[in-house]
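Asks: Here it is: the structure, laid out below.
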Amino acid sequence: MAGVHRAPVAAALILAAVRQLPVDRMLQHIQKWRAIEPHKMIQGDVGAWVYTANVGPLPGLQVKVPVPFVTAKADGSLMHAVPHDWDPNSPAPACRWRQSKAGSRGFYSGNIEYVDDVFAAIAYNRPICTTCALLCPPGVQQVIWENSTTRSRR
């Protein structure tokens, strides 16, 4: 019988993460619908990991609508989305390319341009950070992919 080992365990892990319920309960739920043999897959190191993995709550969107963007005034700078939990007086990129809120230099060492929405960001005619674009809500992503270029920070 095909699909009685790995697929049900993977499905149970995904369901447990999405529903935030124990893996055992999700395996029981899957067993109501079809015959599975998860015990053959969940053994040894895999078993220890499956039962100790605490998926916790799923992260929400880091960037929320309306999406503000920020860029350095220097030519060639990328346009970055700003996460919803940052202070507009010191905006930081959603991709967190510098990795800390504080520091001697901060995120931007010079002057910055701050815009309130994706259309204003596109009007600047600068590439938008690919990582930041992927952190945006789907509607904003669609606008970015259709109307702008993206580039990764290197």
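In the structure tokens, chains take the letters A, B, ... in the order shown, each chain's residues start at 1, and ligands count up from 1 in the order shown.
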Please identify all polymer residues within 12 Å of Arg6 (chain A), counting only C-alpha atoms, omitting same-chain residues fewer than 6 positions from it, and present them as a list of chain:residue names.

Replies: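 Contacts, with the query itself left out: A:Ala12, A:Leu13, A:Leu27, A:Ile36, A:Glu37, A:Pro38, A:His39, A:Lys40, A:Met41, A:Ile42, A:Gln43, A:Val46.
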
Asks: Write a file of the just-selected residues containing N, CA and C atoms, as a PDB file, in the first residue's frame.

Replies:
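The result, written out as again.pdb:
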ATOM      1  N   ALA A  12       0.543  15.183   8.954  1.00  0.00           N
ATOM      2  CA  ALA A  12       0.250  15.416  10.373  1.00  0.00           C
ATOM      3  C   ALA A  12       1.080  16.566  10.924  1.00  0.00           C
ATOM      4  N   LEU A  13       2.357  16.640  10.526  1.00  0.00           N
ATOM      5  CA  LEU A  13       3.211  17.742  10.981  1.00  0.00           C
ATOM      6  C   LEU A  13       2.694  19.086  10.473  1.00  0.00           C
ATOM      7  N   LEU A  27      -2.368  12.795  13.725  1.00  0.00           N
ATOM      8  CA  LEU A  27      -2.226  11.433  13.196  1.00  0.00           C
ATOM      9  C   LEU A  27      -3.520  10.652  13.397  1.00  0.00           C
ATOM     10  N   ILE A  36      -3.051   4.087   7.866  1.00  0.00           N
ATOM     11  CA  ILE A  36      -1.667   4.554   7.806  1.00  0.00           C
ATOM     12  C   ILE A  36      -0.833   3.804   8.829  1.00  0.00           C
ATOM     13  N   GLU A  37       0.467   3.827   8.633  1.00  0.00           N
ATOM     14  CA  GLU A  37       1.404   3.170   9.543  1.00  0.00           C
ATOM     15  C   GLU A  37       2.491   4.160   9.953  1.00  0.00           C
ATOM     16  N   PRO A  38       2.149   5.177  10.726  1.00  0.00           N
ATOM     17  CA  PRO A  38       3.149   6.190  11.081  1.00  0.00           C
ATOM     18  C   PRO A  38       4.239   5.654  11.999  1.00  0.00           C
ATOM     19  N   HIS A  39       3.953   4.597  12.760  1.00  0.00           N
ATOM     20  CA  HIS A  39       4.944   4.066  13.696  1.00  0.00           C
ATOM     21  C   HIS A  39       6.195   3.564  12.975  1.00  0.00           C
ATOM     22  N   LYS A  40       6.063   3.173  11.704  1.00  0.00           N
ATOM     23  CA  LYS A  40       7.232   2.713  10.955  1.00  0.00           C
ATOM     24  C   LYS A  40       8.124   3.889  10.534  1.00  0.00           C
ATOM     25  N   MET A  41       7.535   5.068  10.454  1.00  0.00           N
ATOM     26  CA  MET A  41       8.289   6.256  10.070  1.00  0.00           C
ATOM     27  C   MET A  41       8.810   6.992  11.307  1.00  0.00           C
ATOM     28  N   ILE A  42       7.983   7.008  12.344  1.00  0.00           N
ATOM     29  CA  ILE A  42       8.337   7.752  13.559  1.00  0.00           C
ATOM     30  C   ILE A  42       9.072   6.815  14.506  1.00  0.00           C
ATOM     31  N   GLN A  43      10.362   6.722  14.312  1.00  0.00           N
ATOM     32  CA  GLN A  43      11.212   5.915  15.174  1.00  0.00           C
ATOM     33  C   GLN A  43      12.616   6.504  15.154  1.00  0.00           C
ATOM     34  N   VAL A  46      14.061  10.497  14.134  1.00  0.00           N
ATOM     35  CA  VAL A  46      12.880  11.158  13.560  1.00  0.00           C
ATOM     36  C   VAL A  46      11.760  11.208  14.584  1.00  0.00           C
TER      37      VAL A  46
END

Asks: Could you pull the residues within 8 Å of Val82 (chain A), counting only C-alpha atoms, minus those fewer than 3 positions along the same chain, as an MDAnalysis selection string?

Replies: chainID A and resid 63 67:70 86 91:94

Asks: Store the residues of this selection in a file with C-alpha atoms, as a compact mmCIF listing (two decimals), in the first residue's frame.

Replies:
# COMPACT_ATOMS: atom_id res chain seq x y z
CA VAL A 63 4.51 43.89 6.75
CA VAL A 67 3.01 49.24 3.28
CA PRO A 68 5.44 52.10 3.78
CA PHE A 69 8.81 51.96 2.02
CA VAL A 70 12.16 53.52 2.80
CA TRP A 86 8.81 50.06 13.59
CA PRO A 91 12.33 53.25 9.83
CA ALA A 92 14.14 49.98 9.31
CA PRO A 93 13.88 47.51 6.45
CA ALA A 94 11.63 44.49 6.85

Asks: Mind checking DSSP for region 9-44 of chain A and telling me the alpha helix (DSSP H) residues as a VMD selection string?

Replies: chain A and resid 9 to 19 23 to 33 44

Asks: Residues near Cys132 (chain A), anyone? I mean within 10 Å using only C-alpha atoms, not counting same-chain ones fewer than 4 positions away, as number ranges by chain.

Replies: A: 62-63, 69, 79-83, 93-97, 128, 136, 141, 150, 152

Asks: Would you put the residues from that selection into a file with N, CA and C atoms, as a tab-separated table (two decimals), in the first residue's frame?

Replies:
chain	number	residue	atom	x	y	z
A	62	GLN	N	4.75	40.13	8.40
A	62	GLN	CA	5.63	41.10	9.03
A	62	GLN	C	5.31	42.51	8.54
A	63	VAL	N	4.83	42.60	7.33
A	63	VAL	CA	4.51	43.89	6.75
A	63	VAL	C	3.01	43.91	6.50
A	69	PHE	N	7.49	52.35	2.55
A	69	PHE	CA	8.81	51.96	2.02
A	69	PHE	C	9.82	53.02	2.39
A	79	MET	N	14.87	50.00	-2.55
A	79	MET	CA	13.69	50.41	-1.82
A	79	MET	C	13.30	49.24	-0.92
A	80	HIS	N	13.14	49.50	0.38
A	80	HIS	CA	12.81	48.46	1.35
A	80	HIS	C	11.44	48.71	1.96
A	81	ALA	N	10.69	47.61	2.19
A	81	ALA	CA	9.43	47.71	2.92
A	81	ALA	C	9.76	47.89	4.40
A	82	VAL	N	8.87	48.58	5.10
A	82	VAL	CA	9.05	48.83	6.53
A	82	VAL	C	8.02	48.00	7.29
A	83	PRO	N	8.43	47.19	8.26
A	83	PRO	CA	7.47	46.39	9.01
A	83	PRO	C	6.56	47.25	9.87
A	93	PRO	N	14.40	48.41	7.48
A	93	PRO	CA	13.88	47.51	6.45
A	93	PRO	C	13.30	46.23	7.03
A	94	ALA	N	12.25	45.73	6.39
A	94	ALA	CA	11.63	44.49	6.85
A	94	ALA	C	12.57	43.31	6.74
A	95	CYS	N	13.49	43.35	5.76
A	95	CYS	CA	14.43	42.24	5.58
A	95	CYS	C	15.49	42.23	6.66
A	96	ARG	N	15.59	43.31	7.41
A	96	ARG	CA	16.52	43.44	8.52
A	96	ARG	C	17.95	43.11	8.11
A	97	TRP	N	18.35	43.69	7.00
A	97	TRP	CA	19.67	43.35	6.46
A	97	TRP	C	20.81	43.76	7.36
A	128	ILE	N	13.23	47.24	-5.93
A	128	ILE	CA	12.71	46.93	-4.60
A	128	ILE	C	13.40	45.66	-4.11
A	136	CYS	N	5.79	41.13	1.98
A	136	CYS	CA	4.59	41.95	1.83
A	136	CYS	C	3.36	41.08	1.61
A	141	GLN	N	2.51	42.39	-3.23
A	141	GLN	CA	3.48	41.63	-4.02
A	141	GLN	C	3.12	41.67	-5.50
A	150	THR	N	12.97	43.92	-9.05
A	150	THR	CA	13.45	43.58	-7.70
A	150	THR	C	14.91	43.17	-7.81
A	152	SER	N	18.17	41.56	-5.08
A	152	SER	CA	18.63	41.15	-3.76
A	152	SER	C	19.81	42.01	-3.34

Asks: Please measure the separation of CA of Arg126 (chain A) and CA of Asp87 (chain A), giving the value in Å to one decimal.

Replies: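 Computing it gives 23.1 Å between the two atoms.
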
Asks: Using only C-alpha atoms, which of A:Thr71, A:Leu135, A:Ala17, A:Tyr124 sits nearest His84 (chain A)?

Replies: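 That would be A:Leu135, the residue with the smallest distance to His84 (chain A).
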